[in-house]
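Below you'll find the structure, written out as structure tokens, and then a few comments.
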Amino acid sequence: MRAARRGTAGTGIGRRRFLGAAAGLTATAGAGAALPTRDDARPAPATRRRVRRPAGTRPLFLGTYTSRPGGGTGVGVGAYDTTTGRITTTGVVAGVADPSYLAMAPSGRTLYAVDEQEQGAVTAMALRPDGPPVVLGSRSTGGAGPCHLSVHPGGRRLLSANYLSGSVAVHPIDPATGALGERTDLVTHSSPPPGPGQDGPHAHQIITSPDGRYVLAVDLGNDTVYTYRLAEPAGRLRQVSAAALRPGAGPRHLTFHPSGAFAYLANEVDNTVVVCRYDCRTGRLTPGPPQSTGTGPGTSFPAQFLVTRDGRFAYLANRGHNSLTRYAVEAAGARLRLLDTVPVGGDFPRQIAFSPDQRWLFAANQKSGSVTVFSVDARTGALSSTGAPFVAPVPVCVVPL
């Protein structure tokens, strides 16, 4: 995104257009229950219909927009074939407004979604082996347009980023149920000043370092990645450093190398990527020089990095160019070497994800209403399309389990 969704300038899609326009939400697979409108964590009634996945499949969830024409009615529930990668749908968890980004708890028992609206919220859903997820409740993020969330590795805190407000929030997680408690902290990125063309801070991502010691928040509007220490038991964020990108870079998404010593940053506004050195002792991130995304001189907005578990390859989703860039990771993570780009087979790949065995790569293509699937060659890292895309309403996030 660029300044209130400037990353889609000229495309007719604006982040503000998604907010404050909740669509009528319809029934889910089997008559699902509505999301509680208050800040409570009481479980919504469960559906009675049992959902059986075909043999040889694994669960998959889809985030979408519900306030946009052609969008979904909640969190999509589906499955993918572990042999072919083919996706099938099994239902919807209705009543979750604009669940554009999803995250799974380390326990695998709870799914969390942002409610990307003017009055932002986060929602918890309990997973069940014999039916669709059950909505546990939602909590306010204290800001507008939350676009990203993640669960702290300890499983006790949910972290979220409010894009329009330029703030990050912390919520406690009930260890027994996965439900969310009242927010324990809200931090607004008040400095440095916004970058060129930006109207203020725009927090775009919040994640925890691989060793769990620090929390990093990527702010597109301020061209900065902030490092915090999560102070317990209060659940509050204490800033320890800030890494400045060059003005106008528009950092969007950070992904760590498995070693934990390096991280790769996608800069949305200037269409570059940066290798960052990370000091696990201090939490300090040091960005390197900008590198090519392999998309050429045309307009393109890099969205997200993925790195293979063995640390040998990295992949970047490019919106506009509508491609996936493959990099070889060299020098123990310190260097990215561009190998190639392949067509993503859809329009505007907003987010990409590996299956747990990293045999498959899924791309959520927002504008074409599709999810494309690629097989990943374990030896070369090459991507091969598996065939026709899966049709989905405005998919912006895919979570395969």
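Here, A, B, ... name the chains of the structure tokens in the order displayed, residue numbers run from 1 inside each chain, and ligands are numbered from 1 in the same displayed order.
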| So which residues touch A:Thr341 within 8 Å, counting only C-alpha atoms, skipping near sequence neighbours fewer than 4 positions away, as a ChimeraX atom specification? | /A:294-295,323-326
List as JSON lines every residue of stretch 286-342 of chain A that is in contact with stretch 394-400 of chain A, defined as an atom at most 12 Å from one of its atoms (using only C-alpha atoms), together with the nearest atom pair and the distance in Å rounded to one decimal, sorted by chain and then rising number.
{"residue": "A:Ala303", "atom": "CA", "partner": "A:Val396", "partner_atom": "CA", "distance": 11.0}
{"residue": "A:Gln304", "atom": "CA", "partner": "A:Cys397", "partner_atom": "CA", "distance": 11.1}
{"residue": "A:Arg319", "atom": "CA", "partner": "A:Val396", "partner_atom": "CA", "distance": 11.8}
| Pick from A:Cys147, A:Asp340, A:Asp81, A:Arg68 nearest to A:Trp360, counting only C-alpha atoms |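 So, comparing all the options, the nearest one is A:Asp81.
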| field | Within 7 Å of A:Tyr226 using only C-alpha atoms, minus same-chain residues under 3 positions, as a list in words | value |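 In the requested format, the answer is Leu216, Ala217, Val218, Ser241, Ala242 and Ala243 of chain A.
Among the candidates A:Gly333, A:Pro172, A:Pro389, A:Gly250, the one nearest to A:Val273 when counting only C-alpha atoms is A:Gly250.
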| field | Distance query A:Phe262 at most 12 Å, only C-alpha atoms, self and fewer than 2 positions along chain excluded, as a PyMOL selection string | value | chain A and resi 209-210+254-260+264-265+274-280+283-288+307+311+329-336
Could you turn the residues from that selection into a file that holds N, CA and C atoms, as a short mmCIF file (atom, residue, chain, number, x, y, z; two decimals), in the first residue's frame?
data_model
loop_
_atom_site.label_atom_id
_atom_site.label_comp_id
_atom_site.auth_asym_id
_atom_site.auth_seq_id
_atom_site.Cartn_x
_atom_site.Cartn_y
_atom_site.Cartn_z
N SER A 209 10.93 -11.81 16.16
CA SER A 209 12.21 -12.34 15.69
C SER A 209 12.26 -13.85 15.91
N PRO A 210 13.08 -14.57 15.14
CA PRO A 210 13.11 -16.04 15.24
C PRO A 210 13.40 -16.56 16.65
N LEU A 254 8.63 -8.03 5.91
CA LEU A 254 9.95 -8.52 6.31
C LEU A 254 9.85 -10.01 6.59
N THR A 255 10.82 -10.77 6.07
CA THR A 255 10.88 -12.21 6.30
C THR A 255 12.30 -12.59 6.70
N PHE A 256 12.44 -13.36 7.77
CA PHE A 256 13.76 -13.76 8.25
C PHE A 256 14.29 -14.98 7.51
N HIS A 257 15.61 -15.00 7.34
CA HIS A 257 16.31 -16.20 6.92
C HIS A 257 16.31 -17.18 8.10
N PRO A 258 16.29 -18.49 7.85
CA PRO A 258 16.27 -19.46 8.96
C PRO A 258 17.39 -19.29 9.97
N SER A 259 18.52 -18.75 9.56
CA SER A 259 19.63 -18.54 10.50
C SER A 259 19.31 -17.49 11.55
N GLY A 260 18.36 -16.60 11.25
CA GLY A 260 18.05 -15.51 12.14
C GLY A 260 19.01 -14.35 12.06
N TYR A 264 14.86 -10.30 4.87
CA TYR A 264 14.63 -9.75 3.53
C TYR A 264 13.39 -8.89 3.55
N LEU A 265 13.54 -7.66 3.03
CA LEU A 265 12.49 -6.66 3.13
C LEU A 265 12.00 -6.28 1.74
N VAL A 274 15.56 -5.44 -0.08
CA VAL A 274 16.75 -5.12 0.70
C VAL A 274 17.09 -6.31 1.59
N VAL A 275 18.36 -6.68 1.61
CA VAL A 275 18.86 -7.66 2.57
C VAL A 275 19.28 -6.90 3.82
N CYS A 276 18.76 -7.31 4.97
CA CYS A 276 19.06 -6.64 6.24
C CYS A 276 19.85 -7.58 7.15
N ARG A 277 20.85 -7.04 7.79
CA ARG A 277 21.58 -7.79 8.81
C ARG A 277 20.85 -7.61 10.14
N TYR A 278 20.72 -8.68 10.91
CA TYR A 278 19.99 -8.60 12.18
C TYR A 278 20.87 -9.05 13.33
N ASP A 279 20.94 -8.22 14.36
CA ASP A 279 21.71 -8.53 15.56
C ASP A 279 20.74 -9.06 16.60
N CYS A 280 20.79 -10.36 16.86
CA CYS A 280 19.84 -10.97 17.79
C CYS A 280 20.08 -10.55 19.24
N GLY A 283 18.58 -6.66 18.85
CA GLY A 283 17.37 -6.46 18.06
C GLY A 283 17.53 -5.44 16.95
N ARG A 284 18.75 -4.98 16.73
CA ARG A 284 18.97 -3.93 15.72
C ARG A 284 18.99 -4.55 14.32
N LEU A 285 18.25 -3.92 13.41
CA LEU A 285 18.20 -4.31 12.01
C LEU A 285 18.98 -3.29 11.19
N THR A 286 19.88 -3.77 10.32
CA THR A 286 20.69 -2.87 9.51
C THR A 286 20.42 -3.16 8.03
N PRO A 287 19.67 -2.28 7.34
CA PRO A 287 19.35 -2.52 5.94
C PRO A 287 20.55 -2.32 5.02
N GLY A 288 20.65 -3.16 4.00
CA GLY A 288 21.66 -3.02 2.97
C GLY A 288 21.14 -2.19 1.80
N VAL A 307 10.82 -17.61 2.34
CA VAL A 307 12.14 -18.23 2.31
C VAL A 307 11.98 -19.71 2.65
N GLY A 311 16.77 -22.49 3.74
CA GLY A 311 17.44 -21.22 3.54
C GLY A 311 18.13 -21.06 2.20
N VAL A 329 19.63 -17.87 -2.37
CA VAL A 329 20.16 -17.27 -1.15
C VAL A 329 21.59 -17.75 -0.98
N GLU A 330 22.52 -16.80 -0.89
CA GLU A 330 23.94 -17.14 -0.84
C GLU A 330 24.61 -16.52 0.38
N ALA A 331 25.86 -16.91 0.59
CA ALA A 331 26.69 -16.38 1.68
C ALA A 331 25.98 -16.51 3.02
N ALA A 332 25.42 -17.69 3.27
CA ALA A 332 24.76 -18.02 4.54
C ALA A 332 23.61 -17.07 4.86
N GLY A 333 22.99 -16.52 3.81
CA GLY A 333 21.85 -15.64 3.99
C GLY A 333 22.14 -14.18 3.73
N ALA A 334 23.39 -13.83 3.55
CA ALA A 334 23.78 -12.42 3.41
C ALA A 334 23.53 -11.86 2.02
N ARG A 335 23.25 -12.72 1.05
CA ARG A 335 23.14 -12.24 -0.33
C ARG A 335 21.98 -12.92 -1.05
N LEU A 336 21.24 -12.13 -1.84
CA LEU A 336 20.20 -12.65 -2.73
C LEU A 336 20.67 -12.50 -4.17
#
| query | So which bits of stretch 165-395 of chain A end up strand (DSSP E) when you DSSP the backbone, as an MDAnalysis selection string? | reply | chainID A and resid 167:172 185:188 203:208 215:219 224:231 236:244 251:256 262:267 272:279 284:291 301:307 313:319 323:330 335:343 349:354 360:365 370:376 383:385 390:391 395
Give me the residues within 7 Å of stretch 119-128 of chain A as a JSON list (two decimals) with N, CA, C and O atoms, in the first residue's frame, counting only C-alpha atoms and dropping any in the same chain fewer than 3 places off.
[["chain", "number", "residue", "atom", "x", "y", "z"],
["A", 109, "ARG", "N", -4.72, -24.75, 17.05],
["A", 109, "ARG", "CA", -6.11, -24.89, 17.46],
["A", 109, "ARG", "C", -6.94, -23.63, 17.25],
["A", 109, "ARG", "O", -8.16, -23.68, 17.35],
["A", 110, "THR", "N", -6.29, -22.50, 16.98],
["A", 110, "THR", "CA", -7.02, -21.24, 16.85],
["A", 110, "THR", "C", -6.53, -20.46, 15.64],
["A", 110, "THR", "O", -5.32, -20.37, 15.40],
["A", 111, "LEU", "N", -7.47, -19.90, 14.89],
["A", 111, "LEU", "CA", -7.18, -19.05, 13.75],
["A", 111, "LEU", "C", -7.60, -17.62, 14.10],
["A", 111, "LEU", "O", -8.66, -17.41, 14.68],
["A", 112, "TYR", "N", -6.75, -16.66, 13.73],
["A", 112, "TYR", "CA", -7.03, -15.25, 14.01],
["A", 112, "TYR", "C", -7.14, -14.47, 12.71],
["A", 112, "TYR", "O", -6.46, -14.77, 11.73],
["A", 113, "ALA", "N", -8.01, -13.46, 12.71],
["A", 113, "ALA", "CA", -8.22, -12.62, 11.53],
["A", 113, "ALA", "C", -8.27, -11.16, 11.94],
["A", 113, "ALA", "O", -8.77, -10.82, 13.03],
["A", 114, "VAL", "N", -7.75, -10.29, 11.07],
["A", 114, "VAL", "CA", -8.00, -8.86, 11.24],
["A", 114, "VAL", "C", -9.39, -8.56, 10.71],
["A", 114, "VAL", "O", -9.90, -9.26, 9.83],
["A", 115, "ASP", "N", -10.02, -7.54, 11.26],
["A", 115, "ASP", "CA", -11.25, -6.97, 10.71],
["A", 115, "ASP", "C", -10.84, -5.60, 10.17],
["A", 115, "ASP", "O", -10.80, -4.62, 10.90],
["A", 116, "GLU", "N", -10.49, -5.57, 8.88],
["A", 116, "GLU", "CA", -9.86, -4.38, 8.31],
["A", 116, "GLU", "C", -10.90, -3.31, 8.01],
["A", 116, "GLU", "O", -11.24, -3.05, 6.85],
["A", 131, "GLY", "N", -15.95, -29.89, 11.88],
["A", 131, "GLY", "CA", -16.82, -28.81, 11.43],
["A", 131, "GLY", "C", -16.04, -27.54, 11.19],
["A", 131, "GLY", "O", -14.83, -27.48, 11.44],
["A", 132, "PRO", "N", -16.71, -26.49, 10.69],
["A", 132, "PRO", "CA", -16.02, -25.22, 10.43],
["A", 132, "PRO", "C", -15.59, -24.56, 11.72],
["A", 132, "PRO", "O", -16.10, -24.89, 12.81],
["A", 133, "PRO", "N", -14.67, -23.62, 11.67],
["A", 133, "PRO", "CA", -14.23, -22.92, 12.88],
["A", 133, "PRO", "C", -15.40, -22.22, 13.58],
["A", 133, "PRO", "O", -16.38, -21.83, 12.95],
["A", 134, "VAL", "N", -15.28, -22.06, 14.89],
["A", 134, "VAL", "CA", -16.29, -21.38, 15.70],
["A", 134, "VAL", "C", -15.73, -20.04, 16.14],
["A", 134, "VAL", "O", -14.63, -19.97, 16.71],
["A", 135, "VAL", "N", -16.47, -18.96, 15.88],
["A", 135, "VAL", "CA", -16.02, -17.63, 16.27],
["A", 135, "VAL", "C", -16.08, -17.49, 17.78],
["A", 135, "VAL", "O", -17.12, -17.73, 18.41],
["A", 136, "LEU", "N", -14.95, -17.11, 18.37],
["A", 136, "LEU", "CA", -14.86, -16.94, 19.82],
["A", 136, "LEU", "C", -15.16, -15.52, 20.27],
["A", 136, "LEU", "O", -15.50, -15.30, 21.42],
["A", 137, "GLY", "N", -14.98, -14.57, 19.38],
["A", 137, "GLY", "CA", -15.20, -13.17, 19.72],
["A", 137, "GLY", "C", -14.17, -12.28, 19.09],
["A", 137, "GLY", "O", -13.22, -12.74, 18.45],
["A", 138, "SER", "N", -14.36, -10.98, 19.22],
["A", 138, "SER", "CA", -13.45, -10.01, 18.63],
["A", 138, "SER", "C", -13.08, -8.95, 19.64],
["A", 138, "SER", "O", -13.80, -8.73, 20.63],
["A", 139, "ARG", "N", -11.97, -8.27, 19.37],
["A", 139, "ARG", "CA", -11.50, -7.18, 20.22],
["A", 139, "ARG", "C", -11.03, -6.03, 19.35],
["A", 139, "ARG", "O", -10.44, -6.23, 18.29],
["A", 140, "SER", "N", -11.24, -4.82, 19.82],
["A", 140, "SER", "CA", -10.80, -3.64, 19.10],
["A", 140, "SER", "C", -9.28, -3.56, 19.08],
["A", 140, "SER", "O", -8.61, -3.87, 20.08],
["A", 141, "THR", "N", -8.73, -3.14, 17.93],
["A", 141, "THR", "CA", -7.28, -2.91, 17.84],
["A", 141, "THR", "C", -6.91, -1.50, 18.25],
["A", 141, "THR", "O", -5.72, -1.17, 18.32],
["A", 142, "GLY", "N", -7.91, -0.65, 18.47],
["A", 142, "GLY", "CA", -7.62, 0.73, 18.85],
["A", 142, "GLY", "C", -7.21, 1.61, 17.70],
["A", 142, "GLY", "O", -6.79, 2.75, 17.90],
["A", 143, "GLY", "N", -7.32, 1.09, 16.46],
["A", 143, "GLY", "CA", -6.92, 1.87, 15.30],
["A", 143, "GLY", "C", -7.75, 1.51, 14.08],
["A", 143, "GLY", "O", -8.70, 0.72, 14.15],
["A", 144, "ALA", "N", -7.39, 2.09, 12.95],
["A", 144, "ALA", "CA", -8.13, 1.92, 11.71],
["A", 144, "ALA", "C", -7.36, 1.09, 10.71],
["A", 144, "ALA", "O", -6.14, 1.22, 10.57],
["A", 145, "GLY", "N", -8.09, 0.22, 10.01],
["A", 145, "GLY", "CA", -7.51, -0.54, 8.91],
["A", 145, "GLY", "C", -6.43, -1.52, 9.30],
["A", 145, "GLY", "O", -5.38, -1.56, 8.64],
["A", 146, "PRO", "N", -6.63, -2.36, 10.32],
["A", 146, "PRO", "CA", -5.60, -3.36, 10.61],
["A", 146, "PRO", "C", -5.43, -4.31, 9.42],
["A", 146, "PRO", "O", -6.40, -4.84, 8.90],
["A", 179, "ALA", "N", -9.17, -17.59, 23.03],
["A", 179, "ALA", "CA", -9.91, -16.34, 22.93],
["A", 179, "ALA", "C", -9.02, -15.15, 23.29],
["A", 179, "ALA", "O", -8.01, -15.30, 23.99],
["A", 180, "LEU", "N", -9.42, -13.97, 22.83],
["A", 180, "LEU", "CA", -8.63, -12.77, 23.04],
["A", 180, "LEU", "C", -9.15, -11.96, 24.22],
["A", 180, "LEU", "O", -10.35, -11.83, 24.43]]
| task | Considering only C-alpha atoms, return as a ChimeraX atom specification whatever protein or nucleic-acid residues lie within 9 Å of A:Val168, sequence-local ones (same chain, fewer than 3 positions apart) excluded. | result | /A:141-143,146,159-163,165,185-189,203,205-206,217
Would you save the residues from that selection as a compact mmCIF listing (two decimals), in the first residue's frame, using N, CA, C and O atoms?
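Generated file (again.txt):
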# COMPACT_ATOMS: atom_id res chain seq x y z
N THR A 141 -8.73 -3.14 17.93
CA THR A 141 -7.28 -2.91 17.84
C THR A 141 -6.91 -1.50 18.25
O THR A 141 -5.72 -1.17 18.32
N GLY A 142 -7.91 -0.65 18.47
CA GLY A 142 -7.62 0.73 18.85
C GLY A 142 -7.21 1.61 17.70
O GLY A 142 -6.79 2.75 17.90
N GLY A 143 -7.32 1.09 16.46
CA GLY A 143 -6.92 1.87 15.30
C GLY A 143 -7.75 1.51 14.08
O GLY A 143 -8.70 0.72 14.15
N PRO A 146 -6.63 -2.36 10.32
CA PRO A 146 -5.60 -3.36 10.61
C PRO A 146 -5.43 -4.31 9.42
O PRO A 146 -6.40 -4.84 8.90
N LEU A 159 -0.34 -9.97 18.08
CA LEU A 159 0.20 -8.69 17.65
C LEU A 159 -0.50 -8.26 16.36
O LEU A 159 -0.69 -9.09 15.46
N SER A 160 -0.88 -6.99 16.24
CA SER A 160 -1.56 -6.53 15.03
C SER A 160 -1.07 -5.15 14.63
O SER A 160 -0.59 -4.37 15.46
N ALA A 161 -1.18 -4.85 13.32
CA ALA A 161 -0.72 -3.59 12.75
C ALA A 161 -1.88 -2.85 12.12
O ALA A 161 -2.55 -3.38 11.22
N ASN A 162 -2.14 -1.62 12.59
CA ASN A 162 -3.19 -0.77 12.03
C ASN A 162 -2.60 0.11 10.94
O ASN A 162 -1.86 1.05 11.22
N TYR A 163 -2.95 -0.21 9.69
CA TYR A 163 -2.34 0.50 8.57
C TYR A 163 -2.69 1.98 8.56
O TYR A 163 -1.82 2.84 8.47
N SER A 165 -3.91 3.96 10.83
CA SER A 165 -3.55 4.70 12.03
C SER A 165 -2.05 4.73 12.28
O SER A 165 -1.58 5.51 13.12
N ASP A 185 -1.70 -3.05 24.98
CA ASP A 185 -0.86 -1.94 24.55
C ASP A 185 -1.27 -1.48 23.15
O ASP A 185 -1.83 -2.26 22.36
N LEU A 186 -1.01 -0.22 22.88
CA LEU A 186 -1.21 0.39 21.56
C LEU A 186 -0.13 1.44 21.39
O LEU A 186 -0.04 2.37 22.19
N VAL A 187 0.72 1.27 20.37
CA VAL A 187 1.83 2.19 20.13
C VAL A 187 1.67 2.79 18.73
O VAL A 187 1.54 2.07 17.74
N THR A 188 1.67 4.12 18.67
CA THR A 188 1.58 4.83 17.39
C THR A 188 2.97 5.28 16.95
O THR A 188 3.74 5.80 17.77
N HIS A 189 3.27 5.09 15.68
CA HIS A 189 4.58 5.47 15.15
C HIS A 189 4.58 6.97 14.85
O HIS A 189 4.18 7.41 13.77
N ALA A 203 1.54 1.44 9.54
CA ALA A 203 2.07 0.16 10.00
C ALA A 203 1.53 -0.96 9.13
O ALA A 203 0.32 -1.12 8.99
N GLN A 205 3.09 -4.38 8.99
CA GLN A 205 3.40 -5.73 9.42
C GLN A 205 3.96 -5.69 10.83
O GLN A 205 4.65 -4.73 11.21
N ILE A 206 3.69 -6.74 11.61
CA ILE A 206 4.31 -6.89 12.92
C ILE A 206 4.59 -8.37 13.15
O ILE A 206 3.70 -9.21 13.04
N ALA A 217 8.16 -4.14 13.78
CA ALA A 217 7.02 -3.56 13.09
C ALA A 217 7.50 -2.78 11.88
O ALA A 217 8.36 -1.89 12.00
| query | In Å to one decimal, how far is atom CA of A:Gln239 from atom CA of A:Pro196? | reply |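 Pair atom CA of A:Pro196 / atom CA of A:Gln239 returns 24.2 Å.
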